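Notes follow the structure.
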Amino acid sequence: MEMVGSMMSVRTLVVRVLPGFLLAWAVWKVLYEVWWKPWRIQSWLNKQGIHGPSFQLFFGNARETMSMFFEAWSKPMSLCHDIAPRVLPFFDHVVKKYGKMCVVWYGNIPVVIVSSPDLVKEVLTNRSGEFVKAPPPPSMRSIVTGIIIREGENWAAHRKILNPAFHLEQLKGLLPTFSFSCSELLNKWDKSVAASGSCELDVFAELQTLTENVISKLVFGRNHLEGKRLFEIQKEQAEMAFKALWKIQLPGFRFVPTKENIRAKKLNDELTRILQDMIRKRIKEMKTEDARNGDLLAMLLEAYMIDNDPEEPGSFKKIGISRDDVVEECKLFYFAGQGTTAVLLTWTMVVLSMHPEWQTRARDEVLRTCGNEIPTFDHLNQLKIVTMVLCEVLRLYPPVVMLARHASKTMKVGNFEIPAGVQLLLPTLLIQHDPELWGDDSKEFKPERFAEGAANASKHQLGFFPFSWGPRVCIGQNFTMVEAKLVLAMILQQFSFELSPCYSHAPSPVLTLQPQHGAHLILHKI
């Protein structure tokens, strides 16, 4: 009886004590993550001379960040190229106050801003795998996908498969698709201008349609109308992701059945289903020669598949890549393939409207080189002024204004020791506007900077990196530049353009750097 009583006493003690112990452990775990760990990291960084706004419990610097962002975006700016205070107001302010190596806080996540080109180069050329791509926030995981988020051997396998599709020799064969789609758009503009000699257009919307049409044909061999729903979904996803980006979300919050989360899941499921159907149809067509038509999806599937299974034509190679991976790469093709070129062309037309003397110089070069013919690949290589203009626009208005990396373990960057788990933010926009690298006229439009090529344009090799740098340089940069050169040349052959009186200069980073209120220009027939 005594033994039984003793066992019951122990059991009673455990029942009474265990909940309190578990509660204490949970409280300590929360305090460690949201207070002790951030405080310890901040102290470690401060001792090395890396300073910034003080960490605030739960929110970090999110409140100040959002307040400055929304204030800057609430009104247009003057017609100039000093856009950093509007596009990245908080980060611009912090770098000016605390220096080119400083720290800010996104909730309890430390974010070290690296604005020194030497240190940026060290991070981007790191081949040991310690600086990995920062994981996208939950709100962006349906958009930031494919090769852009892969690491290690998986990334290398995908890159090897995708590289041939973006070689310059392959891009030569894409020029007819570029020029045909552009001709369709210019014929539409010509009809609009014909009635009165000029017309006003939101060229951002027009150029989005053009690049959507091009990427639809190149990826799937489909026209813009058939791919329209895909772009509608991705546009809504981007808007939702951008709004959610500035909110502090608790782990697992994306699984809570809120109205926004339910809508996000529905959109992603629909997008995936459309792409799976397209891929399934193409796999069935792969037995015919006509289906091997050179579009990017055909090339992708030919690289991914082997035709030795009579029951399932197109079995996937055993290299860690599945049909789901093909879907994810197609999502990336669709989103990045049209977005980057559209914003580059839009800002180029806006900037050339602000600087008509350079518009005239670029047009004279195009007419002198190509006449009224559709530019060939050889023609494009001769367009030095056009190339200079595009590079200077990329410098002033980079499509992606920041890059992010993640320290997978404690790492050295220059003389600094970065703790594991810290995110590194590489502000492309701030570096490409830095007077120390570009001179006192760094905020001015001066394409002659690039007369001797991009490598010699600034005082440092990493003063200009609109498509990233190192082994993870953007795979589509040649695609973007070839398409942009051709489209700009064809526009200059037929039209001059100027800013509309209703144009509002309001660059805004909605994943890519976009005109917040569109880009309203007045077109005149040459």
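A note on labels: chains of the structure tokens are A, B, ... as shown, every chain counts residues from 1, and ligands are counted from 1 in their shown order.
Excluding Leu175 (chain A) itself and any same-chain residue fewer than 6 positions from it, the protein and nucleic acid residues within 8 Å of it, counting only C-alpha atoms, are A:Thr376, A:Phe377, A:Glu483.
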Show me, as a PDB file with N, CA and C atoms, in the first residue's frame, the residues that have an atom within 9 Å of Ser78 (chain A) when counting only C-alpha atoms, minus same-chain residues fewer than 4 positions from it.
```pdb
ATOM      1  N   SER A 504       3.102  61.191 -64.101  1.00  0.00           N
ATOM      2  CA  SER A 504       3.567  61.363 -62.724  1.00  0.00           C
ATOM      3  C   SER A 504       4.807  60.499 -62.528  1.00  0.00           C
ATOM      4  N   HIS A 505       5.913  61.137 -62.138  1.00  0.00           N
ATOM      5  CA  HIS A 505       7.160  60.397 -61.952  1.00  0.00           C
ATOM      6  C   HIS A 505       7.134  59.745 -60.573  1.00  0.00           C
ATOM      7  N   ALA A 506       6.884  58.434 -60.547  1.00  0.00           N
ATOM      8  CA  ALA A 506       6.681  57.747 -59.271  1.00  0.00           C
ATOM      9  C   ALA A 506       7.200  56.310 -59.332  1.00  0.00           C
TER      10      ALA A 506
END
```
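Considering the residues A:Leu230, A:Leu367, A:Ala238, A:Leu271 and counting only C-alpha atoms, Ser216 (chain A) has its shortest atom-to-atom contact with A:Leu230.
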Contacts of Met349 (chain A) at 10 Å (only C-alpha atoms; same-chain gap of 6+ positions) as number ranges by chain: A: 203-204, 343, 355, 359, 393, 488, 491-492, 496-499, 519, 521
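Each of A:Glu64, A:Glu200, A:Glu71, A:Glu392 was compared to Val104 (chain A) using only C-alpha atoms, and A:Glu64 turns out to be the nearest.
Residues in contact with Phe59 (chain A) at 9 Å, where only C-alpha atoms are counted and same-chain residues fewer than 6 positions away are skipped, are listed as Trp105, Tyr106, Gly107, Asn108 and Ile248 of chain A.
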Distance query Glu452 (chain A) at most 10 Å, only C-alpha atoms, self and fewer than 5 positions along chain excluded, as a ChimeraX atom specification: /A:384,388,457
Expected file contents, prior selection, C-alpha atoms, as a PDB file, in the first residue's frame:
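Below is the file that was written, again_16.pdb:
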```pdb
ATOM      1  CA  LYS A 384      26.629  51.465 -79.529  1.00  0.00           C
ATOM      2  CA  MET A 388      24.925  52.969 -73.786  1.00  0.00           C
ATOM      3  CA  ALA A 457      31.998  52.658 -66.515  1.00  0.00           C
TER       4      ALA A 457
END
```
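Residue nearest Asp378 (chain A), chosen from A:Cys80, A:Met101, A:Met240, A:Leu168 and counting only C-alpha atoms: A:Leu168.
Checking A:Val87, A:Met411, A:Cys502, A:Leu403 one by one against His517 (chain A), counting only C-alpha atoms, you find the shortest gap at A:Cys502.
Nearest to Arg472 (chain A) of all the residues A:Met354, A:Val132, A:Ala451, A:Leu383 is A:Val132, based on only C-alpha atoms.
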Distance query Lys446 (chain A) at most 12 Å, only C-alpha atoms, self and fewer than 6 positions along chain excluded, as a VMD selection string: chain A and resid 81 351 to 352 355 357 to 358 385 388 to 396 438 to 440 457
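From CA of Asn381 (chain A) back to CA of Asp364 (chain A), the distance works out to 15.7 Å.
Distances here use only C-alpha atoms; by that measure, the residue among A:Arg63, A:Ser179, A:Ala455, A:Pro110 closest to Lys37 (chain A) is A:Pro110.
The neighbours of Gln477 (chain A) here are the residues that come within 12 Å of it, using only C-alpha atoms and leaving out any residue fewer than 2 positions away in the same chain; they are Asn163, Phe166, His167, Leu168, Leu171, Ala336, Gly337, Thr340, Thr341, Leu344, Cys391, Leu394, Pro399, Phe465, Pro466, Phe467, Ser468, Trp469, Arg472, Val473, Cys474, Ile475, Phe479, Thr480, Met481, Val482, Glu483 and Ala484 of chain A.
When CA of Leu275 (chain A) is paired with CA of Cys330 (chain A), their separation reads 7.5 Å.
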